[in-house]
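Undergrad: To be precise about what I am sending: the file is called query15.tsv and holds TSV, C-alpha atoms and all ligand atoms.
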chain	number	residue	atom	x	y	z
A	1	LEU	CA	25.58	125.15	181.75
A	2	LEU	CA	27.53	124.47	184.93
A	3	ASP	CA	30.90	122.75	184.64
A	4	PRO	CA	30.55	119.14	185.94
A	5	SER	CA	34.30	118.84	186.48
A	6	ARG	CA	33.78	121.14	189.49
A	7	PHE	CA	31.07	118.94	191.00
A	8	VAL	CA	31.69	117.15	194.29
A	9	VAL	CA	28.63	114.98	194.87
A	10	PHE	CA	27.71	113.33	198.18
A	11	ILE	CA	25.51	110.33	197.35
A	12	THR	CA	23.53	108.21	199.78
A	13	GLY	CA	22.67	104.74	198.48
A	14	ALA	CA	25.49	104.48	195.92
A	15	THR	CA	25.78	100.67	196.15
A	16	SER	CA	22.94	100.01	193.69
A	17	GLY	CA	20.33	101.48	191.39
A	18	PHE	CA	20.05	105.24	190.91
A	19	GLY	CA	22.82	106.18	193.34
A	20	GLU	CA	25.36	103.88	191.71
A	21	ALA	CA	24.36	104.99	188.20
A	22	ALA	CA	24.59	108.63	189.25
A	23	ALA	CA	28.09	108.07	190.70
A	24	ARG	CA	29.19	106.71	187.33
A	25	ARG	CA	27.49	109.59	185.47
A	26	TYR	CA	29.14	112.32	187.54
A	27	VAL	CA	32.61	110.75	187.36
A	28	ALA	CA	32.24	110.22	183.59
A	29	ALA	CA	31.61	113.98	183.35
A	30	GLY	CA	34.77	114.75	185.31
A	31	GLY	CA	33.24	115.22	188.77
A	32	LYS	CA	34.10	113.68	192.12
A	33	VAL	CA	31.74	111.61	194.24
A	34	ILE	CA	31.45	110.52	197.84
A	35	ALA	CA	29.72	107.17	197.52
A	36	THR	CA	27.97	105.90	200.65
A	37	GLY	CA	25.86	102.92	201.65
A	38	ARG	CA	25.84	99.94	203.99
A	39	ARG	CA	27.38	97.33	201.66
A	40	LYS	CA	31.12	97.90	201.89
A	41	ASP	CA	32.03	95.30	199.24
A	42	ARG	CA	29.89	97.14	196.68
A	43	LEU	CA	31.45	100.48	197.61
A	44	GLU	CA	34.96	99.06	197.23
A	45	LYS	CA	34.06	97.65	193.83
A	46	LEU	CA	32.67	101.00	192.70
A	47	GLN	CA	35.77	102.82	193.94
A	48	ALA	CA	38.02	100.36	192.10
A	49	GLU	CA	36.02	101.05	188.93
A	50	LEU	CA	35.90	104.85	189.24
A	51	GLY	CA	39.31	105.43	190.81
A	52	ALA	CA	40.16	106.62	194.32
A	53	ASP	CA	40.96	110.13	193.03
A	54	ASN	CA	37.35	110.47	191.85
A	55	CYS	CA	35.45	108.35	194.35
A	56	TYR	CA	35.70	108.46	198.15
A	57	ILE	CA	33.66	105.79	199.91
A	58	ILE	CA	31.99	105.69	203.31
A	59	GLU	CA	30.25	102.65	204.77
A	60	LEU	CA	27.20	104.33	206.24
A	61	ASP	CA	23.69	103.58	207.45
A	62	VAL	CA	21.60	106.75	207.01
A	63	GLN	CA	19.44	105.74	209.96
A	64	ASP	CA	22.44	106.14	212.29
A	65	ARG	CA	22.58	109.85	213.04
A	66	ALA	CA	25.76	109.73	215.14
A	67	ALA	CA	27.60	107.74	212.47
A	68	MET	CA	26.42	110.22	209.84
A	69	GLU	CA	27.70	113.17	211.89
A	70	LYS	CA	31.09	111.52	212.42
A	71	ALA	CA	31.53	110.38	208.81
A	72	ILE	CA	30.62	113.75	207.34
A	73	ALA	CA	32.94	115.61	209.72
A	74	GLU	CA	35.84	113.33	208.69
A	75	ILE	CA	35.58	113.65	204.89
A	76	PRO	CA	39.05	114.72	203.65
A	77	ALA	CA	39.81	117.42	201.06
A	78	PRO	CA	39.14	117.71	198.16
A	79	PHE	CA	36.03	115.57	198.72
A	80	SER	CA	34.96	117.81	201.63
A	81	GLU	CA	34.18	120.60	199.12
A	82	ILE	CA	30.72	119.13	198.49
A	83	ASN	CA	28.45	121.16	196.20
A	84	ILE	CA	25.79	118.58	195.33
A	85	VAL	CA	23.91	116.36	197.78
A	86	LEU	CA	22.06	113.42	196.24
A	87	ALA	CA	19.80	112.20	199.05
A	88	ASN	CA	18.79	108.97	197.36
A	89	ALA	CA	18.99	106.14	199.91
A	90	GLY	CA	15.59	104.65	200.49
A	91	LEU	CA	13.44	101.60	200.22
A	92	ALA	CA	9.99	100.09	200.18
A	93	LEU	CA	9.23	97.03	202.27
A	94	GLY	CA	6.13	94.95	201.58
A	95	LEU	CA	3.00	95.58	199.56
A	96	GLN	CA	0.35	94.28	201.95
A	97	PRO	CA	-2.84	96.19	202.70
A	98	ALA	CA	-2.34	98.49	205.69
A	99	ALA	CA	-4.15	96.24	208.18
A	100	GLU	CA	-1.78	93.36	207.34
A	101	ALA	CA	1.45	95.31	206.96
A	102	VAL	CA	4.43	94.59	209.21
A	103	LEU	CA	5.03	97.43	211.66
A	104	ASP	CA	8.79	96.81	211.68
A	105	ASP	CA	8.74	97.40	207.91
A	106	TRP	CA	6.89	100.67	208.39
A	107	GLU	CA	9.43	101.76	211.00
A	108	THR	CA	12.36	100.92	208.72
A	109	MET	CA	10.85	102.89	205.83
A	110	ILE	CA	10.23	105.89	208.09
A	111	SER	CA	13.71	105.80	209.64
A	112	THR	CA	15.42	105.40	206.25
A	113	ASN	CA	13.32	107.47	203.85
A	114	ILE	CA	12.46	110.25	206.31
A	115	SER	CA	14.97	110.32	209.20
A	116	GLY	CA	17.90	109.33	206.96
A	117	LEU	CA	16.95	112.00	204.47
A	118	VAL	CA	16.68	114.79	207.01
A	119	TYR	CA	19.97	113.82	208.71
A	120	THR	CA	21.72	113.90	205.33
A	121	VAL	CA	20.32	117.27	204.33
A	122	ARG	CA	20.63	118.97	207.71
A	123	LEU	CA	24.24	117.86	208.18
A	124	LEU	CA	25.41	118.88	204.71
A	125	LEU	CA	23.40	122.04	204.08
A	126	PRO	CA	25.47	124.49	206.19
A	127	GLY	CA	28.57	123.52	204.20
A	128	LEU	CA	26.83	124.11	200.87
A	129	ILE	CA	25.72	127.55	202.02
A	130	ALA	CA	29.15	128.42	203.46
A	131	ARG	CA	30.81	127.48	200.16
A	132	GLY	CA	28.55	129.89	198.28
A	133	GLY	CA	25.83	127.57	197.04
A	134	GLY	CA	25.06	124.17	195.63
A	135	HIS	CA	22.27	121.74	194.87
A	136	VAL	CA	20.22	119.25	196.90
A	137	VAL	CA	18.59	116.47	194.89
A	138	THR	CA	16.06	114.30	196.70
A	139	LEU	CA	14.46	111.04	195.59
A	140	GLY	CA	10.72	111.19	195.84
A	141	SER	CA	8.48	108.93	193.78
A	142	VAL	CA	5.26	108.84	191.85
A	143	ALA	CA	4.15	107.03	195.01
A	144	GLY	CA	4.36	110.41	196.78
A	145	GLU	CA	1.94	111.88	194.22
A	146	TYR	CA	-0.57	109.06	193.61
A	147	ALA	CA	-2.05	106.33	195.80
A	148	TYR	CA	-1.96	102.60	195.06
A	149	PRO	CA	-3.00	99.53	197.08
A	150	GLY	CA	-0.25	98.54	199.49
A	151	GLY	CA	1.55	101.85	198.98
A	152	SER	CA	0.58	103.08	202.48
A	153	VAL	CA	3.67	104.12	204.43
A	154	TYR	CA	6.08	103.98	201.47
A	155	GLY	CA	3.98	106.50	199.52
A	156	ALA	CA	3.57	108.62	202.63
A	157	THR	CA	7.34	108.78	203.15
A	158	LYS	CA	7.73	109.96	199.56
A	159	ALA	CA	5.04	112.62	200.08
A	160	PHE	CA	7.22	113.76	203.00
A	161	VAL	CA	10.22	113.97	200.66
A	162	LYS	CA	8.24	116.10	198.23
A	163	GLN	CA	7.07	118.59	200.86
A	164	PHE	CA	10.46	118.68	202.57
A	165	ALA	CA	12.08	119.57	199.23
A	166	LEU	CA	9.55	122.35	198.63
A	167	ASN	CA	10.01	123.73	202.14
A	168	LEU	CA	13.79	123.64	201.71
A	169	ARG	CA	13.40	125.89	198.70
A	170	SER	CA	11.56	128.41	200.86
A	171	ASP	CA	14.27	128.40	203.52
A	172	LEU	CA	17.08	128.60	200.99
A	173	GLN	CA	15.80	131.73	199.30
A	174	GLY	CA	18.83	133.93	198.56
A	175	LYS	CA	21.36	131.23	199.50
A	176	ASN	CA	22.12	130.04	195.97
A	177	VAL	CA	21.25	126.44	196.87
A	178	ARG	CA	18.94	124.71	194.40
A	179	VAL	CA	16.58	121.88	195.33
A	180	THR	CA	15.14	119.29	192.96
A	181	ASN	CA	12.87	116.38	193.83
A	182	ILE	CA	13.09	113.50	191.34
A	183	GLU	CA	9.87	111.46	191.23
A	184	PRO	CA	10.29	108.28	189.18
A	185	GLY	CA	7.73	105.61	188.44
A	186	LEU	CA	8.46	102.01	187.43
A	187	THR	CA	12.24	101.60	187.20
A	188	GLU	CA	14.09	98.31	187.28
A	189	THR	CA	16.74	98.31	190.01
A	190	GLU	CA	17.11	96.25	193.19
A	191	PHE	CA	14.13	98.21	194.58
A	192	SER	CA	11.64	95.38	194.03
A	193	LEU	CA	14.03	92.70	195.31
A	194	VAL	CA	14.33	94.71	198.53
A	195	ARG	CA	10.56	95.32	198.71
A	196	PHE	CA	9.89	91.57	198.46
A	197	LYS	CA	12.81	90.64	200.71
A	198	GLY	CA	14.80	88.66	198.17
A	199	ASP	CA	11.86	86.77	196.60
A	200	GLU	CA	12.99	86.91	192.97
A	201	GLY	CA	9.67	85.67	191.60
A	202	LYS	CA	7.67	88.43	193.26
A	203	ALA	CA	10.42	90.98	192.58
A	204	SER	CA	10.52	90.40	188.83
A	205	ALA	CA	6.71	90.53	188.38
A	206	PRO	CA	6.42	94.36	188.13
A	207	TYR	CA	8.93	94.37	185.25
A	208	SER	CA	7.63	91.36	183.35
A	209	ARG	CA	6.33	91.70	179.75
A	210	THR	CA	6.79	95.48	179.81
A	211	LYS	CA	9.51	98.07	179.38
A	212	ALA	CA	10.39	99.79	182.65
A	213	MET	CA	12.85	102.67	182.99
A	214	ASN	CA	16.37	101.83	184.15
A	215	ALA	CA	18.80	103.39	186.62
A	216	ASP	CA	20.71	105.23	183.88
A	217	ASP	CA	17.48	106.98	182.78
A	218	ILE	CA	17.04	108.39	186.26
A	219	ALA	CA	20.74	109.22	186.71
A	220	GLU	CA	20.59	111.24	183.49
A	221	SER	CA	17.67	113.32	184.82
A	222	ILE	CA	19.46	113.89	188.11
A	223	PHE	CA	22.62	114.92	186.26
A	224	TRP	CA	20.74	117.17	183.83
A	225	SER	CA	18.96	119.06	186.61
A	226	THR	CA	22.30	119.86	188.25
A	227	THR	CA	24.04	121.07	185.09
A	228	LEU	CA	21.49	123.75	184.18
A	229	PRO	CA	22.60	127.39	184.47
A	230	ALA	CA	22.75	128.53	188.10
A	231	HIS	CA	19.71	130.80	187.74
A	232	VAL	CA	17.42	127.85	186.83
A	233	ASN	CA	15.87	125.63	189.51
A	234	VAL	CA	13.95	122.52	188.49
A	235	ASN	CA	11.55	122.04	191.40
A	236	LYS	CA	10.60	118.50	190.50
A	237	ILE	CA	10.82	115.93	187.74
A	238	GLU	CA	8.09	113.30	187.57
A	239	LEU	CA	8.99	110.46	185.21
A	240	MET	CA	7.12	107.34	184.19
A	241	ALA	CA	7.94	104.53	181.82
A	242	THR	CA	6.00	105.08	178.61
A	243	THR	CA	4.29	101.79	179.42
A	244	GLN	CA	3.02	103.09	182.78
A	245	ALA	CA	-0.04	105.31	183.19
A	246	ILE	CA	-2.31	106.50	185.96
A	247	GLY	CA	-5.40	104.31	186.49
A	248	PRO	CA	-9.01	105.31	187.17
A	249	PHE	CA	-10.46	105.93	190.64
A	250	ASP	CA	-11.40	102.65	192.31
A	251	ILE	CA	-15.09	102.49	193.22
A	252	PHE	CA	-16.40	99.73	195.46
A	253	ARG	CA	-19.85	98.44	194.46
A	254	GLU	CA	-22.21	96.08	196.28
B	1	LIG	P1	18.00	100.08	195.06
B	1	LIG	O1	17.44	99.11	196.03
B	1	LIG	O2	18.63	99.57	193.81
B	1	LIG	O3	19.05	101.03	195.81
B	1	LIG	C1	18.76	101.57	197.06
B	1	LIG	C2	20.00	102.17	197.66
B	1	LIG	O4	19.66	102.72	198.95
B	1	LIG	C3	21.10	101.14	197.89
B	1	LIG	O5	22.34	101.68	197.51
B	1	LIG	C4	21.06	100.91	199.40
B	1	LIG	O6	22.36	100.65	199.89
B	1	LIG	C5	20.59	102.27	199.90
B	1	LIG	N1	20.03	102.19	201.24
B	1	LIG	C6	18.91	101.57	201.65
B	1	LIG	N2	18.79	101.65	202.99
B	1	LIG	C7	19.89	102.33	203.43
B	1	LIG	C8	20.36	102.73	204.69
B	1	LIG	N3	19.68	102.44	205.83
B	1	LIG	N4	21.52	103.42	204.78
B	1	LIG	C9	22.22	103.71	203.66
B	1	LIG	N5	21.84	103.36	202.43
B	1	LIG	C10	20.69	102.67	202.32
B	1	LIG	O7	16.78	101.07	194.72
B	1	LIG	P2	16.66	102.36	193.76
B	1	LIG	O8	17.96	102.78	193.23
B	1	LIG	O9	15.57	102.07	192.82
B	1	LIG	O10	16.11	103.42	194.82
B	1	LIG	C11	16.77	104.63	195.12
B	1	LIG	C12	15.76	105.62	195.62
B	1	LIG	O11	14.79	105.86	194.60
B	1	LIG	C13	14.96	105.17	196.85
B	1	LIG	O12	14.78	106.28	197.69
B	1	LIG	C14	13.64	104.70	196.25
B	1	LIG	O13	12.60	104.80	197.18
B	1	LIG	C15	13.48	105.67	195.12
B	1	LIG	N6	12.62	105.28	194.01
B	1	LIG	C16	12.78	104.09	193.34
B	1	LIG	C17	11.95	103.77	192.27
B	1	LIG	C18	12.04	102.48	191.54
B	1	LIG	O14	11.03	102.05	190.93
B	1	LIG	N7	13.16	101.81	191.49
B	1	LIG	C19	10.93	104.72	191.81
B	1	LIG	C20	10.83	105.92	192.60
B	1	LIG	C21	11.66	106.18	193.63
B	1	LIG	P3	22.74	99.55	201.01
B	1	LIG	O15	21.68	98.50	200.99
B	1	LIG	O16	24.10	99.05	200.58
B	1	LIG	O17	22.81	100.33	202.27
B	2	LIG	C1	8.86	103.38	193.43
B	2	LIG	C2	7.75	103.35	192.43
B	2	LIG	O1	5.35	102.67	192.02
B	2	LIG	O2	6.80	101.03	193.06
B	2	LIG	O3	8.82	104.51	194.19
B	2	LIG	O4	6.01	102.91	194.31
B	2	LIG	S1	6.44	102.44	193.00
Show me this structure written as structure tokens.
Ligand code: NDP
Ligand code: 8X3

TA:
Amino acid sequence: LLDPSRFVVFITGATSGFGEAAARRYVAAGGKVIATGRRKDRLEKLQAELGADNCYIIELDVQDRAAMEKAIAEIPAPFSEINIVLANAGLALGLQPAAEAVLDDWETMISTNISGLVYTVRLLLPGLIARGGGHVVTLGSVAGEYAYPGGSVYGATKAFVKQFALNLRSDLQGKNVRVTNIEPGLTETEFSLVRFKGDEGKASAPYSRTKAMNADDIAESIFWSTTLPAHVNVNKIELMATTQAIGPFDIFRE
């Protein structure tokens, strides 16, 4: 297994959910993290918890390419020796049928889940290669594998993540950079609160009277995939709560 105390992990979306749980997991194993996200107060709290020697924070919107370029260029040593990129920042907005969906929501999902992802990977990949190798972990979703009503653009952005991760593997042949796409199903984080724009009633409904996965479950899978011996690449991990299954095809009848 690889030695986690040598890990320097750049995380997008470390203010909540999977990204925050992963930051804790890597630091608990002796690694260092660069925790990024838009909510500065959350980043400062995380840094106070994990310690400034282990956690460098950057207030960053992944949709802002120029800010990403500047922030990444300014990361000080030893945090600049990044060997794992956790491209996790993302969101769903709305669950309306396509003809009723809000176009601004679609644009935000595309600019965050697709543009933000490709900026992150493209800006950090040359450094990984130059330092002799590393690992890119992306956050796809079961929504990128299966369709569901109202999934429209969110699911399509996650299908992009899946194919981007596979294509990265092709381009990275011989470069010693691994790529893993994590594809979770129902997991209780702030994801639903964001999807339903702060409506706590709607946000809690998906998790009611069932047992969803939690952020630590996903962080553990992320962590595991990066600790495997260097000659092993996990292409993808699809996870569902035991309580979640795939439904039948939906047939309309007169
Ligand atoms: P959370 O809402 O709990 O966390 C999302 C994180 O993304 C936050 O830290 C948020 O930080 C960050 N983020 C969102 N937009 C931006 C932005 N423009 N710039 C920088 N950071 C941003 O959700 P999860 O932890 O559940 O989601 C993490 C990833 O996992 C997402 O890509 C999501 O699509 C995916 N996923 C989630 C599943 C679930 O059921 N929970 C299942 C499958 C996949 P901030 O707002 O501070 O910027
Ligand atoms: C999040 C899981 O099923 O809400 O990607 O789309 S789902």

Undergrad: Give as number ranges by chain the set of residues within 10 Å of the point (29.5, 130.3, 198.4), where distances use the file's coordinates and all atoms listed in the file.

TA: A: 83, 127-134, 175-177

Undergrad: Determine the nearest neighbour of A:Asn214 from the options A:Val142, A:Ala21, A:Val161, A:Val118, counting only C-alpha atoms.

TA: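 Looking at the shortest contact to A:Asn214, the residue is A:Ala21.
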
Undergrad: Neighbours of ligand LIG 1 (chain B) within 6 Å, counting only C-alpha atoms and all ligand atoms, as a VMD selection string?

TA: chain A and resid 12 to 19 37 to 39 60 to 63 88 to 91 112 139 to 141 183 to 191 194

Undergrad: With C-alpha atoms retained, write the just-selected residues as a PDB file, in the frame of the given file.

TA:
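selection24.pdb was written with the following content:
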ATOM      1  CA  THR A  12      23.530 108.210 199.780  1.00  0.00           C
ATOM      2  CA  GLY A  13      22.670 104.740 198.480  1.00  0.00           C
ATOM      3  CA  ALA A  14      25.490 104.480 195.920  1.00  0.00           C
ATOM      4  CA  THR A  15      25.780 100.670 196.150  1.00  0.00           C
ATOM      5  CA  SER A  16      22.940 100.010 193.690  1.00  0.00           C
ATOM      6  CA  GLY A  17      20.330 101.480 191.390  1.00  0.00           C
ATOM      7  CA  PHE A  18      20.050 105.240 190.910  1.00  0.00           C
ATOM      8  CA  GLY A  19      22.820 106.180 193.340  1.00  0.00           C
ATOM      9  CA  GLY A  37      25.860 102.920 201.650  1.00  0.00           C
ATOM     10  CA  ARG A  38      25.840  99.940 203.990  1.00  0.00           C
ATOM     11  CA  ARG A  39      27.380  97.330 201.660  1.00  0.00           C
ATOM     12  CA  LEU A  60      27.200 104.330 206.240  1.00  0.00           C
ATOM     13  CA  ASP A  61      23.690 103.580 207.450  1.00  0.00           C
ATOM     14  CA  VAL A  62      21.600 106.750 207.010  1.00  0.00           C
ATOM     15  CA  GLN A  63      19.440 105.740 209.960  1.00  0.00           C
ATOM     16  CA  ASN A  88      18.790 108.970 197.360  1.00  0.00           C
ATOM     17  CA  ALA A  89      18.990 106.140 199.910  1.00  0.00           C
ATOM     18  CA  GLY A  90      15.590 104.650 200.490  1.00  0.00           C
ATOM     19  CA  LEU A  91      13.440 101.600 200.220  1.00  0.00           C
ATOM     20  CA  THR A 112      15.420 105.400 206.250  1.00  0.00           C
ATOM     21  CA  LEU A 139      14.460 111.040 195.590  1.00  0.00           C
ATOM     22  CA  GLY A 140      10.720 111.190 195.840  1.00  0.00           C
ATOM     23  CA  SER A 141       8.480 108.930 193.780  1.00  0.00           C
ATOM     24  CA  GLU A 183       9.870 111.460 191.230  1.00  0.00           C
ATOM     25  CA  PRO A 184      10.290 108.280 189.180  1.00  0.00           C
ATOM     26  CA  GLY A 185       7.730 105.610 188.440  1.00  0.00           C
ATOM     27  CA  LEU A 186       8.460 102.010 187.430  1.00  0.00           C
ATOM     28  CA  THR A 187      12.240 101.600 187.200  1.00  0.00           C
ATOM     29  CA  GLU A 188      14.090  98.310 187.280  1.00  0.00           C
ATOM     30  CA  THR A 189      16.740  98.310 190.010  1.00  0.00           C
ATOM     31  CA  GLU A 190      17.110  96.250 193.190  1.00  0.00           C
ATOM     32  CA  PHE A 191      14.130  98.210 194.580  1.00  0.00           C
ATOM     33  CA  VAL A 194      14.330  94.710 198.530  1.00  0.00           C
TER      34      VAL A 194
END

Undergrad: How big is the axis-aligned box, and where does its centre sit, when it encloses all atoms of stretch 123-132 of chain A listed in the file and has 3 Å added on every side, reported in Å to one decimal as JSON?

TA:
{"center_x": 27.1, "center_y": 123.9, "center_z": 203.2, "size_x": 13.4, "size_y": 18.0, "size_z": 15.9}

Undergrad: Of the candidates A:Val121, A:Met213, A:Ala22, A:Ala230, which shows the shortest atom-to-atom distance to ligand LIG 2 (chain B), using only C-alpha atoms and all ligand atoms?

TA: A:Met213

Undergrad: Within 7 Å of A:Thr226, counting all atoms listed in the file, which residues qualify if same-chain residues fewer than 3 places away don't, as a ChimeraX atom specification?

TA: /A:135,222-223

Undergrad: One number please: atom CA of A:Pro126 to atom CA of A:Phe7, in Å, one decimal.

TA: 17.1 Å

Undergrad: Record the distance separating atom CA of A:Thr227 and atom CA of A:Ile114, expressed in Å with one decimal.

TA: 26.5 Å

Undergrad: Given all atoms listed in the file as the basis, pick out the residue of A:Leu166, A:Ala156, A:Ala48, A:Ala87 nearest to ligand LIG 2 (chain B).

TA: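 Under the stated criterion, the closest residue is A:Ala156.
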
Undergrad: Here is a test: counting only C-alpha atoms, which residue of A:Ala29, A:Arg24, A:Lys197, A:Arg122 is nearest to A:Pro4?

TA: A:Ala29

Undergrad: What gap, in Å, lies between atom CA of A:Arg25 and atom CA of A:Asn181?

TA: 18.2 Å

Undergrad: Hey, which of A:Glu145, A:Glu20, A:Asp199, A:Asp250 ends up closest to ligand LIG 2 (chain B)? Count all atoms listed in the file.

TA: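 Between A:Glu145, A:Glu20, A:Asp199, A:Asp250, the residue approaching ligand LIG 2 (chain B) most closely is A:Glu145.
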
Undergrad: Kindly indicate which residue among A:Arg178, A:His231, A:Lys158, A:Arg169 lies nearest to ligand LIG 2 (chain B), using only C-alpha atoms and all ligand atoms for the distances.

TA: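 Ranked by minimum distance to ligand LIG 2 (chain B), first place goes to A:Lys158.
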
Undergrad: Output as a PDB file, in the coordinates of the input: stretch 175-187 of chain A, completed with N, CA and C atoms.

TA:
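After the write, selection39.pdb holds the following:
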ATOM      1  N   LYS A 175      20.125 131.937 199.099  1.00  0.00           N
ATOM      2  CA  LYS A 175      21.360 131.230 199.500  1.00  0.00           C
ATOM      3  C   LYS A 175      22.081 130.562 198.319  1.00  0.00           C
ATOM      4  N   ASN A 176      21.496 130.639 197.161  1.00  0.00           N
ATOM      5  CA  ASN A 176      22.120 130.040 195.970  1.00  0.00           C
ATOM      6  C   ASN A 176      22.213 128.511 196.057  1.00  0.00           C
ATOM      7  N   VAL A 177      21.311 127.914 196.806  1.00  0.00           N
ATOM      8  CA  VAL A 177      21.250 126.440 196.870  1.00  0.00           C
ATOM      9  C   VAL A 177      19.967 126.000 196.182  1.00  0.00           C
ATOM     10  N   ARG A 178      20.117 125.195 195.145  1.00  0.00           N
ATOM     11  CA  ARG A 178      18.940 124.710 194.400  1.00  0.00           C
ATOM     12  C   ARG A 178      18.434 123.402 195.017  1.00  0.00           C
ATOM     13  N   VAL A 179      17.167 123.129 194.816  1.00  0.00           N
ATOM     14  CA  VAL A 179      16.580 121.880 195.330  1.00  0.00           C
ATOM     15  C   VAL A 179      15.703 121.271 194.248  1.00  0.00           C
ATOM     16  N   THR A 180      15.926 120.005 193.963  1.00  0.00           N
ATOM     17  CA  THR A 180      15.140 119.290 192.960  1.00  0.00           C
ATOM     18  C   THR A 180      14.674 117.956 193.522  1.00  0.00           C
ATOM     19  N   ASN A 181      13.391 117.693 193.427  1.00  0.00           N
ATOM     20  CA  ASN A 181      12.870 116.380 193.830  1.00  0.00           C
ATOM     21  C   ASN A 181      12.606 115.552 192.570  1.00  0.00           C
ATOM     22  N   ILE A 182      13.273 114.407 192.492  1.00  0.00           N
ATOM     23  CA  ILE A 182      13.090 113.500 191.340  1.00  0.00           C
ATOM     24  C   ILE A 182      12.020 112.477 191.726  1.00  0.00           C
ATOM     25  N   GLU A 183      11.001 112.338 190.896  1.00  0.00           N
ATOM     26  CA  GLU A 183       9.870 111.460 191.230  1.00  0.00           C
ATOM     27  C   GLU A 183       9.669 110.407 190.149  1.00  0.00           C
ATOM     28  N   PRO A 184      10.430 109.312 190.217  1.00  0.00           N
ATOM     29  CA  PRO A 184      10.290 108.280 189.180  1.00  0.00           C
ATOM     30  C   PRO A 184       9.126 107.337 189.450  1.00  0.00           C
ATOM     31  N   GLY A 185       8.646 106.745 188.356  1.00  0.00           N
ATOM     32  CA  GLY A 185       7.730 105.610 188.440  1.00  0.00           C
ATOM     33  C   GLY A 185       8.537 104.330 188.222  1.00  0.00           C
ATOM     34  N   LEU A 186       7.889 103.361 187.600  1.00  0.00           N
ATOM     35  CA  LEU A 186       8.460 102.010 187.430  1.00  0.00           C
ATOM     36  C   LEU A 186       9.866 102.015 186.834  1.00  0.00           C
ATOM     37  N   THR A 187      10.837 101.632 187.638  1.00  0.00           N
ATOM     38  CA  THR A 187      12.240 101.600 187.200  1.00  0.00           C
ATOM     39  C   THR A 187      12.894 100.345 187.727  1.00  0.00           C
TER      40      THR A 187
END
